[in-house]
Structure formats: structure tokens, C-alpha cells
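File shown: my_file_29.pdb (PDB, C-alpha atoms).
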```pdb
ATOM      1  CA  ASP A 154       0.000   0.000   0.000  1.00  0.00           C
ATOM      2  CA  THR A 155       1.831   3.057  -1.258  1.00  0.00           C
ATOM      3  CA  GLY A 156      -0.986   5.400  -0.308  1.00  0.00           C
ATOM      4  CA  VAL A 157      -2.893   7.979  -2.323  1.00  0.00           C
ATOM      5  CA  SER A 158      -0.514  10.154  -4.318  1.00  0.00           C
ATOM      6  CA  GLN A 159      -1.259  13.720  -5.375  1.00  0.00           C
ATOM      7  CA  ASN A 160       0.702  16.028  -7.640  1.00  0.00           C
ATOM      8  CA  PRO A 161       1.809  18.727  -7.470  1.00  0.00           C
ATOM      9  CA  ARG A 162       2.085  19.334  -3.718  1.00  0.00           C
ATOM     10  CA  HIS A 163       1.922  23.075  -4.195  1.00  0.00           C
ATOM     11  CA  LYS A 164       0.685  25.268  -7.031  1.00  0.00           C
ATOM     12  CA  ILE A 165       0.818  29.033  -7.235  1.00  0.00           C
ATOM     13  CA  THR A 166      -1.047  30.597 -10.112  1.00  0.00           C
ATOM     14  CA  LYS A 167      -2.318  33.961 -11.185  1.00  0.00           C
ATOM     15  CA  ARG A 168      -6.000  34.746 -11.242  1.00  0.00           C
ATOM     16  CA  GLY A 169      -7.567  33.753 -14.520  1.00  0.00           C
ATOM     17  CA  GLN A 170      -5.163  30.902 -15.270  1.00  0.00           C
ATOM     18  CA  ASN A 171      -6.185  27.264 -15.561  1.00  0.00           C
ATOM     19  CA  VAL A 172      -4.719  24.610 -13.274  1.00  0.00           C
ATOM     20  CA  THR A 173      -4.856  20.818 -13.269  1.00  0.00           C
ATOM     21  CA  PHE A 174      -4.138  18.459 -10.388  1.00  0.00           C
ATOM     22  CA  ARG A 175      -3.554  14.728 -10.512  1.00  0.00           C
ATOM     23  CA  CYS A 176      -4.493  11.975  -8.070  1.00  0.00           C
ATOM     24  CA  ASP A 177      -3.296   8.375  -8.114  1.00  0.00           C
ATOM     25  CA  PRO A 178      -5.425   6.255  -5.772  1.00  0.00           C
ATOM     26  CA  ILE A 179      -4.383   3.104  -3.961  1.00  0.00           C
ATOM     27  CA  SER A 180      -4.249   0.467  -6.693  1.00  0.00           C
ATOM     28  CA  GLU A 181      -7.074  -1.820  -5.538  1.00  0.00           C
ATOM     29  CA  HIS A 182      -9.434   1.064  -4.809  1.00  0.00           C
ATOM     30  CA  ASN A 183     -12.210   1.573  -7.355  1.00  0.00           C
ATOM     31  CA  ARG A 184     -13.676   4.597  -5.569  1.00  0.00           C
ATOM     32  CA  LEU A 185     -12.113   8.055  -5.785  1.00  0.00           C
ATOM     33  CA  TYR A 186     -13.139  11.319  -4.178  1.00  0.00           C
ATOM     34  CA  TRP A 187     -12.124  14.969  -4.385  1.00  0.00           C
ATOM     35  CA  TYR A 188     -12.508  17.296  -1.415  1.00  0.00           C
ATOM     36  CA  ARG A 189     -11.491  20.903  -0.810  1.00  0.00           C
ATOM     37  CA  GLN A 190     -10.263  22.174   2.558  1.00  0.00           C
ATOM     38  CA  THR A 191      -9.774  25.793   3.548  1.00  0.00           C
ATOM     39  CA  LEU A 192      -7.924  26.937   6.660  1.00  0.00           C
ATOM     40  CA  GLY A 193      -9.767  26.107   9.855  1.00  0.00           C
ATOM     41  CA  GLN A 194     -12.498  24.129   8.121  1.00  0.00           C
ATOM     42  CA  GLY A 195     -13.293  20.495   7.541  1.00  0.00           C
ATOM     43  CA  PRO A 196     -12.918  18.927   4.103  1.00  0.00           C
ATOM     44  CA  GLU A 197     -15.761  19.849   1.745  1.00  0.00           C
ATOM     45  CA  PHE A 198     -16.997  17.264  -0.768  1.00  0.00           C
ATOM     46  CA  LEU A 199     -16.535  18.060  -4.448  1.00  0.00           C
ATOM     47  CA  THR A 200     -17.091  14.850  -6.418  1.00  0.00           C
ATOM     48  CA  TYR A 201     -17.017  11.032  -6.374  1.00  0.00           C
ATOM     49  CA  PHE A 202     -16.073   8.423  -8.975  1.00  0.00           C
ATOM     50  CA  GLN A 203     -16.756   4.716  -8.998  1.00  0.00           C
ATOM     51  CA  ASN A 204     -14.344   3.331 -11.549  1.00  0.00           C
ATOM     52  CA  GLU A 205     -14.573   5.786 -14.463  1.00  0.00           C
ATOM     53  CA  ALA A 206     -18.131   6.953 -13.722  1.00  0.00           C
ATOM     54  CA  GLN A 207     -18.660  10.268 -11.937  1.00  0.00           C
ATOM     55  CA  LEU A 208     -21.623   9.388  -9.708  1.00  0.00           C
ATOM     56  CA  GLU A 209     -21.843  12.312  -7.291  1.00  0.00           C
ATOM     57  CA  LYS A 210     -21.031  15.974  -7.754  1.00  0.00           C
ATOM     58  CA  SER A 211     -21.435  18.812  -5.295  1.00  0.00           C
ATOM     59  CA  ARG A 212     -23.594  21.758  -6.246  1.00  0.00           C
ATOM     60  CA  LEU A 213     -20.702  23.828  -4.930  1.00  0.00           C
ATOM     61  CA  LEU A 214     -18.721  22.750  -7.971  1.00  0.00           C
ATOM     62  CA  SER A 215     -19.160  25.540 -10.449  1.00  0.00           C
ATOM     63  CA  ASP A 216     -18.819  25.022 -14.197  1.00  0.00           C
ATOM     64  CA  ARG A 217     -15.197  26.161 -13.872  1.00  0.00           C
ATOM     65  CA  PHE A 218     -14.383  22.871 -12.157  1.00  0.00           C
ATOM     66  CA  SER A 219     -14.172  19.570 -13.980  1.00  0.00           C
ATOM     67  CA  ALA A 220     -12.911  16.183 -12.896  1.00  0.00           C
ATOM     68  CA  GLU A 221     -12.158  13.094 -14.925  1.00  0.00           C
ATOM     69  CA  ARG A 222     -11.117   9.522 -14.312  1.00  0.00           C
ATOM     70  CA  PRO A 223     -10.870   8.210 -17.871  1.00  0.00           C
ATOM     71  CA  LYS A 224      -9.616   4.677 -17.241  1.00  0.00           C
ATOM     72  CA  GLY A 225     -10.849   4.190 -13.730  1.00  0.00           C
ATOM     73  CA  SER A 226      -7.364   4.617 -12.297  1.00  0.00           C
ATOM     74  CA  PHE A 227      -5.854   8.104 -11.809  1.00  0.00           C
ATOM     75  CA  SER A 228      -8.021  11.219 -11.785  1.00  0.00           C
ATOM     76  CA  THR A 229      -7.516  14.849 -12.721  1.00  0.00           C
ATOM     77  CA  LEU A 230      -9.222  17.934 -11.343  1.00  0.00           C
ATOM     78  CA  GLU A 231      -9.120  21.042 -13.510  1.00  0.00           C
ATOM     79  CA  ILE A 232     -10.027  24.547 -12.453  1.00  0.00           C
ATOM     80  CA  GLN A 233     -10.510  27.043 -15.251  1.00  0.00           C
ATOM     81  CA  ARG A 234     -10.205  30.822 -14.888  1.00  0.00           C
ATOM     82  CA  THR A 235      -9.032  30.549 -11.298  1.00  0.00           C
ATOM     83  CA  GLU A 236     -10.261  33.037  -8.713  1.00  0.00           C
ATOM     84  CA  GLN A 237      -8.720  34.010  -5.369  1.00  0.00           C
ATOM     85  CA  GLY A 238     -11.546  32.161  -3.624  1.00  0.00           C
ATOM     86  CA  ASP A 239     -10.272  28.926  -5.166  1.00  0.00           C
ATOM     87  CA  SER A 240      -7.201  29.068  -2.919  1.00  0.00           C
ATOM     88  CA  ALA A 241      -7.408  25.956  -0.746  1.00  0.00           C
ATOM     89  CA  MET A 242      -6.011  22.494  -0.149  1.00  0.00           C
ATOM     90  CA  TYR A 243      -7.443  20.033  -2.670  1.00  0.00           C
ATOM     91  CA  LEU A 244      -7.591  16.553  -1.179  1.00  0.00           C
ATOM     92  CA  CYS A 245      -8.062  13.312  -3.042  1.00  0.00           C
ATOM     93  CA  ALA A 246      -9.186  10.121  -1.307  1.00  0.00           C
ATOM     94  CA  SER A 247      -9.865   6.559  -2.373  1.00  0.00           C
ATOM     95  CA  SER A 248     -11.585   3.501  -0.967  1.00  0.00           C
ATOM     96  CA  PRO A 249     -12.080  -0.123  -2.003  1.00  0.00           C
ATOM     97  CA  PRO A 250     -15.451  -1.597  -3.009  1.00  0.00           C
ATOM     98  CA  GLY A 251     -18.067  -1.944  -0.306  1.00  0.00           C
ATOM     99  CA  ASP A 252     -18.643   0.062   2.802  1.00  0.00           C
ATOM    100  CA  SER A 253     -15.072   1.139   3.501  1.00  0.00           C
ATOM    101  CA  PRO A 254     -13.344   4.175   4.998  1.00  0.00           C
ATOM    102  CA  LEU A 255     -11.607   6.807   2.907  1.00  0.00           C
ATOM    103  CA  HIS A 256      -7.841   7.053   2.604  1.00  0.00           C
ATOM    104  CA  PHE A 257      -6.712  10.604   1.934  1.00  0.00           C
ATOM    105  CA  GLY A 258      -3.706  11.836   0.015  1.00  0.00           C
ATOM    106  CA  ASN A 259      -1.467  14.675   1.196  1.00  0.00           C
ATOM    107  CA  GLY A 260      -3.285  17.157  -0.978  1.00  0.00           C
ATOM    108  CA  THR A 261      -2.387  19.878  -3.466  1.00  0.00           C
ATOM    109  CA  ARG A 262      -2.211  23.349  -1.973  1.00  0.00           C
ATOM    110  CA  LEU A 263      -3.424  25.940  -4.482  1.00  0.00           C
ATOM    111  CA  THR A 264      -2.650  29.625  -4.059  1.00  0.00           C
ATOM    112  CA  VAL A 265      -4.255  32.047  -6.489  1.00  0.00           C
ATOM    113  CA  THR A 266      -2.626  35.470  -6.539  1.00  0.00           C
TER     114      THR A 266
ATOM    115  CA  GLY B 130     -28.902  18.141   2.870  1.00  0.00           C
ATOM    116  CA  GLU B 131     -26.915  16.797   5.785  1.00  0.00           C
ATOM    117  CA  ASN B 132     -25.353  19.257   8.239  1.00  0.00           C
ATOM    118  CA  VAL B 133     -22.826  18.334  10.930  1.00  0.00           C
ATOM    119  CA  GLU B 134     -22.030  20.543  13.903  1.00  0.00           C
ATOM    120  CA  GLN B 135     -18.987  19.921  16.090  1.00  0.00           C
ATOM    121  CA  HIS B 136     -18.082  21.189  19.571  1.00  0.00           C
ATOM    122  CA  PRO B 137     -15.898  22.447  21.077  1.00  0.00           C
ATOM    123  CA  SER B 138     -13.737  24.211  18.513  1.00  0.00           C
ATOM    124  CA  THR B 139     -10.725  24.027  20.833  1.00  0.00           C
ATOM    125  CA  LEU B 140     -10.031  21.756  23.791  1.00  0.00           C
ATOM    126  CA  SER B 141      -7.056  21.961  26.124  1.00  0.00           C
ATOM    127  CA  VAL B 142      -6.334  19.143  28.561  1.00  0.00           C
ATOM    128  CA  GLN B 143      -3.483  17.967  30.746  1.00  0.00           C
ATOM    129  CA  GLU B 144      -1.666  14.796  29.818  1.00  0.00           C
ATOM    130  CA  GLY B 145      -3.501  11.831  31.282  1.00  0.00           C
ATOM    131  CA  ASP B 146      -6.905  13.528  31.303  1.00  0.00           C
ATOM    132  CA  SER B 147      -9.818  12.436  29.130  1.00  0.00           C
ATOM    133  CA  ALA B 148     -11.096  14.429  26.159  1.00  0.00           C
ATOM    134  CA  VAL B 149     -14.588  14.388  24.691  1.00  0.00           C
ATOM    135  CA  ILE B 150     -15.626  15.883  21.358  1.00  0.00           C
ATOM    136  CA  LYS B 151     -19.289  16.011  20.357  1.00  0.00           C
ATOM    137  CA  CYS B 152     -21.031  16.165  16.991  1.00  0.00           C
ATOM    138  CA  THR B 153     -24.649  16.423  15.951  1.00  0.00           C
ATOM    139  CA  TYR B 154     -26.100  15.615  12.542  1.00  0.00           C
ATOM    140  CA  SER B 155     -29.318  16.704  10.937  1.00  0.00           C
ATOM    141  CA  ASP B 156     -30.431  13.858   8.661  1.00  0.00           C
ATOM    142  CA  SER B 157     -31.722  10.715  10.367  1.00  0.00           C
ATOM    143  CA  ALA B 158     -30.909   8.754   7.191  1.00  0.00           C
ATOM    144  CA  SER B 159     -27.161   9.079   7.926  1.00  0.00           C
ATOM    145  CA  ASN B 160     -25.701   5.678   8.736  1.00  0.00           C
ATOM    146  CA  TYR B 161     -21.917   6.012   8.871  1.00  0.00           C
ATOM    147  CA  PHE B 162     -19.897   8.237  11.203  1.00  0.00           C
ATOM    148  CA  PRO B 163     -16.082   8.344  10.937  1.00  0.00           C
ATOM    149  CA  TRP B 164     -13.622  10.395  12.945  1.00  0.00           C
ATOM    150  CA  TYR B 165     -10.434  11.748  11.386  1.00  0.00           C
ATOM    151  CA  LYS B 166      -7.279  13.125  13.002  1.00  0.00           C
ATOM    152  CA  GLN B 167      -5.313  15.755  11.102  1.00  0.00           C
ATOM    153  CA  GLU B 168      -1.904  16.901  12.270  1.00  0.00           C
ATOM    154  CA  LEU B 169      -0.575  20.222  11.050  1.00  0.00           C
ATOM    155  CA  GLY B 170       0.253  20.079   7.347  1.00  0.00           C
ATOM    156  CA  LYS B 171      -0.715  16.426   7.035  1.00  0.00           C
ATOM    157  CA  ARG B 172      -3.537  14.384   5.559  1.00  0.00           C
ATOM    158  CA  PRO B 173      -6.670  13.513   7.547  1.00  0.00           C
ATOM    159  CA  GLN B 174      -6.328   9.982   8.917  1.00  0.00           C
ATOM    160  CA  LEU B 175      -9.175   7.766  10.061  1.00  0.00           C
ATOM    161  CA  ILE B 176      -8.934   6.909  13.749  1.00  0.00           C
ATOM    162  CA  ILE B 177     -12.282   5.221  14.376  1.00  0.00           C
ATOM    163  CA  ASP B 178     -15.692   4.893  12.769  1.00  0.00           C
ATOM    164  CA  ILE B 179     -19.138   3.659  13.757  1.00  0.00           C
ATOM    165  CA  ARG B 180     -22.183   2.521  11.830  1.00  0.00           C
ATOM    166  CA  SER B 181     -25.765   3.228  12.749  1.00  0.00           C
ATOM    167  CA  ASN B 182     -26.490  -0.331  13.853  1.00  0.00           C
ATOM    168  CA  VAL B 183     -23.961  -0.017  16.682  1.00  0.00           C
ATOM    169  CA  GLY B 184     -24.172   2.198  19.780  1.00  0.00           C
ATOM    170  CA  GLU B 185     -20.560   2.168  20.861  1.00  0.00           C
ATOM    171  CA  LYS B 186     -17.159   1.135  19.540  1.00  0.00           C
ATOM    172  CA  LYS B 187     -13.809   1.113  21.286  1.00  0.00           C
ATOM    173  CA  ASP B 188     -10.214   0.829  20.101  1.00  0.00           C
ATOM    174  CA  GLN B 189      -7.662   1.023  22.917  1.00  0.00           C
ATOM    175  CA  ARG B 190      -7.791   4.608  24.274  1.00  0.00           C
ATOM    176  CA  ILE B 191     -10.336   5.789  21.731  1.00  0.00           C
ATOM    177  CA  ALA B 192     -14.095   5.194  21.804  1.00  0.00           C
ATOM    178  CA  VAL B 193     -17.055   6.521  19.866  1.00  0.00           C
ATOM    179  CA  THR B 194     -20.675   6.541  21.005  1.00  0.00           C
ATOM    180  CA  LEU B 195     -23.750   7.081  18.845  1.00  0.00           C
ATOM    181  CA  ASN B 196     -27.217   8.191  19.935  1.00  0.00           C
ATOM    182  CA  LYS B 197     -29.472   7.840  16.903  1.00  0.00           C
ATOM    183  CA  THR B 198     -32.526   9.199  18.652  1.00  0.00           C
ATOM    184  CA  ALA B 199     -30.780  12.436  19.562  1.00  0.00           C
ATOM    185  CA  LYS B 200     -28.717  12.396  16.337  1.00  0.00           C
ATOM    186  CA  HIS B 201     -25.424  12.915  18.029  1.00  0.00           C
ATOM    187  CA  PHE B 202     -22.147  11.042  18.333  1.00  0.00           C
ATOM    188  CA  SER B 203     -19.068  11.618  20.448  1.00  0.00           C
ATOM    189  CA  LEU B 204     -15.376  10.814  20.447  1.00  0.00           C
ATOM    190  CA  HIS B 205     -13.786   9.884  23.750  1.00  0.00           C
ATOM    191  CA  ILE B 206     -10.016   9.797  24.244  1.00  0.00           C
ATOM    192  CA  THR B 207      -8.753   8.501  27.578  1.00  0.00           C
ATOM    193  CA  GLU B 208      -5.276   8.895  29.086  1.00  0.00           C
ATOM    194  CA  THR B 209      -4.393  11.624  26.609  1.00  0.00           C
ATOM    195  CA  GLN B 210      -0.801  12.021  25.467  1.00  0.00           C
ATOM    196  CA  PRO B 211       0.965  15.009  23.854  1.00  0.00           C
ATOM    197  CA  GLU B 212       0.994  13.145  20.530  1.00  0.00           C
ATOM    198  CA  ASP B 213      -2.819  13.208  20.591  1.00  0.00           C
ATOM    199  CA  SER B 214      -2.570  16.950  19.903  1.00  0.00           C
ATOM    200  CA  ALA B 215      -4.148  17.573  16.487  1.00  0.00           C
ATOM    201  CA  VAL B 216      -7.374  18.688  14.832  1.00  0.00           C
ATOM    202  CA  TYR B 217     -10.138  16.104  14.991  1.00  0.00           C
ATOM    203  CA  PHE B 218     -12.999  16.024  12.486  1.00  0.00           C
ATOM    204  CA  CYS B 219     -16.244  14.125  12.724  1.00  0.00           C
ATOM    205  CA  ALA B 220     -18.242  13.290   9.610  1.00  0.00           C
ATOM    206  CA  ALA B 221     -21.526  11.733   8.556  1.00  0.00           C
ATOM    207  CA  LYS B 222     -22.652   9.881   5.438  1.00  0.00           C
ATOM    208  CA  LEU B 223     -26.177   9.464   4.151  1.00  0.00           C
ATOM    209  CA  ALA B 224     -27.271   5.926   3.336  1.00  0.00           C
ATOM    210  CA  GLY B 225     -27.038   5.299  -0.403  1.00  0.00           C
ATOM    211  CA  PHE B 226     -24.532   8.066  -1.025  1.00  0.00           C
ATOM    212  CA  GLN B 227     -20.744   8.325  -0.811  1.00  0.00           C
ATOM    213  CA  LYS B 228     -20.456  11.988   0.153  1.00  0.00           C
ATOM    214  CA  LEU B 229     -19.033  12.594   3.626  1.00  0.00           C
ATOM    215  CA  VAL B 230     -20.130  15.788   5.387  1.00  0.00           C
ATOM    216  CA  PHE B 231     -17.495  16.964   7.835  1.00  0.00           C
ATOM    217  CA  GLY B 232     -17.751  19.011  10.992  1.00  0.00           C
ATOM    218  CA  THR B 233     -15.679  22.154  11.442  1.00  0.00           C
ATOM    219  CA  GLY B 234     -13.051  20.436  13.564  1.00  0.00           C
ATOM    220  CA  THR B 235     -11.792  20.485  17.156  1.00  0.00           C
ATOM    221  CA  ARG B 236      -8.240  21.516  17.928  1.00  0.00           C
ATOM    222  CA  LEU B 237      -7.069  19.333  20.813  1.00  0.00           C
ATOM    223  CA  LEU B 238      -4.044  20.489  22.798  1.00  0.00           C
ATOM    224  CA  VAL B 239      -2.560  18.045  25.305  1.00  0.00           C
ATOM    225  CA  SER B 240      -0.083  19.682  27.664  1.00  0.00           C
ATOM    226  CA  PRO B 241       2.644  17.566  29.268  1.00  0.00           C
TER     227      PRO B 241
END
```
Show this structure as C-alpha cells.
Amino acid sequence: DTGVSQNPRHKITKRGQNVTFRCDPISEHNRLYWYRQTLGQGPEFLTYFQNEAQLEKSRLLSDRFSAERPKGSFSTLEIQRTEQGDSAMYLCASSPPGDSPLHFGNGTRLTVT
Amino acid sequence: GENVEQHPSTLSVQEGDSAVIKCTYSDSASNYFPWYKQELGKRPQLIIDIRSNVGEKKDQRIAVTLNKTAKHFSLHITETQPEDSAVYFCAAKLAGFQKLVFGTGTRLLVSP
């Protein structure tokens, strides 16, 4: 178990630019989740994949956000036309089939200047 | 939708004391309640979880209790140690969905 891997660890971008983050889940895990965490708050759900299908999506996710998991393995989260309010830690998690707990990655910290 | 409230926001105890963190949830259809520990700059890590068909679960110094009628659940840490210092988050999941709704966190400080 090598854990959930996220890249990059840190990203600084200027307002209006597009950014893309990558998540590699634990290899046997077919479920993948994206959360966002701001300072002093709990993680906030963004979206959930089972294999390659995106089954749940938060209404908080504006049309500037898109996530994919094309082959049911790694996933990408793209934010278009970034805004300062997008600055946060973006956490990816995965879990195996069935009723199982989430395993989080170390996150990608986004700073929009 | 589900809403989770967590109290207190900060908790300071002396080493060896017990610590209790409480959460309430709004949707009676929630059936899974995990607790995560997050140290500064690190990932949230699951420390214990409980399902709605169980009232209490214990793992060494950590226990969780669930009161479905009152819609609240609590984390109990006994014999606290300085390494227990961290932010603790409760969460709830609605049956049939995968989304976890987290509380706002409790910063636990254990003084030697």
C-alpha cells in the first residue's frame, strides 16, 4: 500500500489561469473522491467516482471545475479561470469496493494570486 | 442536505486527562460516522468509525458513542498524550450516497 498520491504538492497561479491536479489512488481502490479544505475548516466534498463513472457531484462545484477519471485509475481535477476564492487544499481520497473508509492523500495546496 | 455541527472548537487538557468531542447531525438517514485526526500540514487519517447499527465502539484509548434518537455522536479519548494533539474532524454519510459531510473540527491540545 503506497498510499494515495497527489501532484503537485503546491501550485501558485495567477488569477484567470487554468490549473490541473492529478491523483493516483491506492491500486485496488475503485472509488475516488475529491474534497477541498480551507484553513480552519473540515474537508468539503466536491465529487465522487466509482471506476470511471462520476456518480456524485457537489452543487458547490461551479462550471469552472471539472474532474475526470478516464480509465478508472488516476483522476484529474481542472479549475478554469481561477479566482482568489479557489485558494485551498485540494484533497483526493480513495476507498475499495463496499462500505469502507476513505484514505486521503497529502493534498495539493493551491494559491491564487 | 446533511449538516454536521462539532463542539468544542478548541479543547485543552493535561496529559492523562480524558477528552470528549461532540457532533450532531441533521439527517436521520445518515448511517456512517467516521472520525479523522489531522496533524498540522498532514492528511486527515481515520482513527475510528461507527455505523448506525452499533451504539458504541472502542479501540484502545479511543471510543465513539452514537445516539441515533438524539442524532449525536461523540469521540472519547482517555489517558491523553501530547501526541494526541491535532485537529479532529467528525463526519456523517447518508445511506445510499458516498459523500461525507465533515464538521468544522476540534483543535485538541494536550499539555505535558
Taking 2 positions as the minimum chain separation for residues in the same chain, which residues sit within 8 Å of Glu205 in chain A when counting all atoms listed in the file? Answer as a ChimeraX atom specification.
/A:202-203,207,221-226
Report as a list in words the full result of the PyMOL selection byres ((chain A and resi 262) around 6) when it is applied to this structure.
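Evaluating the PyMOL selection byres ((chain A and resi 262) around 6) on these coordinates yields His163, Ala241, Met242, Thr261 and Leu263 of chain A.
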Which one is closest to Val216 in chain B: A:Gly238, A:Pro254, A:Gly260, A:Gly195? Count only C-alpha atoms.
A:Gly195
Determine which residues of chain B sit within 12 Å of chain A, taking into account all atoms listed in the file, and present them as number ranges by chain.
B: 130-135, 138-139, 160-180, 216-222, 224-236
Just C-alpha atoms for this one: save the residues we selected as a tab-separated table (two decimals), in the frame of the given file.
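Output file part33.tsv follows:
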```
chain	number	residue	atom	x	y	z
B	130	GLY	CA	-28.90	18.14	2.87
B	131	GLU	CA	-26.92	16.80	5.78
B	132	ASN	CA	-25.35	19.26	8.24
B	133	VAL	CA	-22.83	18.33	10.93
B	134	GLU	CA	-22.03	20.54	13.90
B	135	GLN	CA	-18.99	19.92	16.09
B	138	SER	CA	-13.74	24.21	18.51
B	139	THR	CA	-10.72	24.03	20.83
B	160	ASN	CA	-25.70	5.68	8.74
B	161	TYR	CA	-21.92	6.01	8.87
B	162	PHE	CA	-19.90	8.24	11.20
B	163	PRO	CA	-16.08	8.34	10.94
B	164	TRP	CA	-13.62	10.40	12.94
B	165	TYR	CA	-10.43	11.75	11.39
B	166	LYS	CA	-7.28	13.12	13.00
B	167	GLN	CA	-5.31	15.76	11.10
B	168	GLU	CA	-1.90	16.90	12.27
B	169	LEU	CA	-0.57	20.22	11.05
B	170	GLY	CA	0.25	20.08	7.35
B	171	LYS	CA	-0.72	16.43	7.04
B	172	ARG	CA	-3.54	14.38	5.56
B	173	PRO	CA	-6.67	13.51	7.55
B	174	GLN	CA	-6.33	9.98	8.92
B	175	LEU	CA	-9.18	7.77	10.06
B	176	ILE	CA	-8.93	6.91	13.75
B	177	ILE	CA	-12.28	5.22	14.38
B	178	ASP	CA	-15.69	4.89	12.77
B	179	ILE	CA	-19.14	3.66	13.76
B	180	ARG	CA	-22.18	2.52	11.83
B	216	VAL	CA	-7.37	18.69	14.83
B	217	TYR	CA	-10.14	16.10	14.99
B	218	PHE	CA	-13.00	16.02	12.49
B	219	CYS	CA	-16.24	14.12	12.72
B	220	ALA	CA	-18.24	13.29	9.61
B	221	ALA	CA	-21.53	11.73	8.56
B	222	LYS	CA	-22.65	9.88	5.44
B	224	ALA	CA	-27.27	5.93	3.34
B	225	GLY	CA	-27.04	5.30	-0.40
B	226	PHE	CA	-24.53	8.07	-1.02
B	227	GLN	CA	-20.74	8.32	-0.81
B	228	LYS	CA	-20.46	11.99	0.15
B	229	LEU	CA	-19.03	12.59	3.63
B	230	VAL	CA	-20.13	15.79	5.39
B	231	PHE	CA	-17.50	16.96	7.84
B	232	GLY	CA	-17.75	19.01	10.99
B	233	THR	CA	-15.68	22.15	11.44
B	234	GLY	CA	-13.05	20.44	13.56
B	235	THR	CA	-11.79	20.48	17.16
B	236	ARG	CA	-8.24	21.52	17.93
```
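Checking A:Tyr243, A:Arg217, A:Ser228, A:Lys164 one by one against Asn183 in chain A, counting all atoms listed in the file, you find the shortest gap at A:Ser228.
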Which value, in Å to one decimal, gives the distance between CA of Gln170 in chain A and CA of Ala206 in chain A?
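Result for CA of Gln170 in chain A versus CA of Ala206 in chain A: 27.3 Å, one decimal.
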For the atom pair CA of Asp146 in chain B and CA of Leu238 in chain B, what is the interatomic distance in Å to one decimal place?
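These two atoms are separated by 11.4 Å.
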Hits of the PyMOL selection byres ((chain A and resi 177) around 8) in this structure, as a PDB file with C-alpha atoms, in the frame of the given file:
```pdb
ATOM      1  CA  VAL A 157      -2.893   7.979  -2.323  1.00  0.00           C
ATOM      2  CA  SER A 158      -0.514  10.154  -4.318  1.00  0.00           C
ATOM      3  CA  GLN A 159      -1.259  13.720  -5.375  1.00  0.00           C
ATOM      4  CA  ARG A 175      -3.554  14.728 -10.512  1.00  0.00           C
ATOM      5  CA  CYS A 176      -4.493  11.975  -8.070  1.00  0.00           C
ATOM      6  CA  PRO A 178      -5.425   6.255  -5.772  1.00  0.00           C
ATOM      7  CA  ILE A 179      -4.383   3.104  -3.961  1.00  0.00           C
ATOM      8  CA  SER A 226      -7.364   4.617 -12.297  1.00  0.00           C
ATOM      9  CA  PHE A 227      -5.854   8.104 -11.809  1.00  0.00           C
ATOM     10  CA  SER A 228      -8.021  11.219 -11.785  1.00  0.00           C
TER      11      SER A 228
END
```
What would the selection look like, as an MDAnalysis selection string, if the PyMOL selection byres ((chain A and resi 215) around 12) were run on the coordinates I just shared?
chainID A and resid 199:200 210:214 216:220 231:236 239
Create the file for the chosen residues now, containing C-alpha atoms and written as a compact mmCIF listing (two decimals), keeping the file's coordinate frame.
```txt
# COMPACT_ATOMS: atom_id res chain seq x y z
CA LEU A 199 -16.54 18.06 -4.45
CA THR A 200 -17.09 14.85 -6.42
CA LYS A 210 -21.03 15.97 -7.75
CA SER A 211 -21.44 18.81 -5.30
CA ARG A 212 -23.59 21.76 -6.25
CA LEU A 213 -20.70 23.83 -4.93
CA LEU A 214 -18.72 22.75 -7.97
CA ASP A 216 -18.82 25.02 -14.20
CA ARG A 217 -15.20 26.16 -13.87
CA PHE A 218 -14.38 22.87 -12.16
CA SER A 219 -14.17 19.57 -13.98
CA ALA A 220 -12.91 16.18 -12.90
CA GLU A 231 -9.12 21.04 -13.51
CA ILE A 232 -10.03 24.55 -12.45
CA GLN A 233 -10.51 27.04 -15.25
CA ARG A 234 -10.20 30.82 -14.89
CA THR A 235 -9.03 30.55 -11.30
CA GLU A 236 -10.26 33.04 -8.71
CA ASP A 239 -10.27 28.93 -5.17
```
Hey, what's within 12 Å of Thr209 in chain B if we count all atoms listed in the file and toss same-chain stuff fewer than 4 positions away? As a list in words, please?
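Here the answer would be Leu140, Ser141, Val142, Gln143, Glu144, Gly145, Asp146, Ser147, Ala148, Val149, Gln189, Arg190, Ile191, His205, Asp213, Ser214, Ala215, Leu237, Leu238, Val239, Ser240 and Pro241 of chain B.
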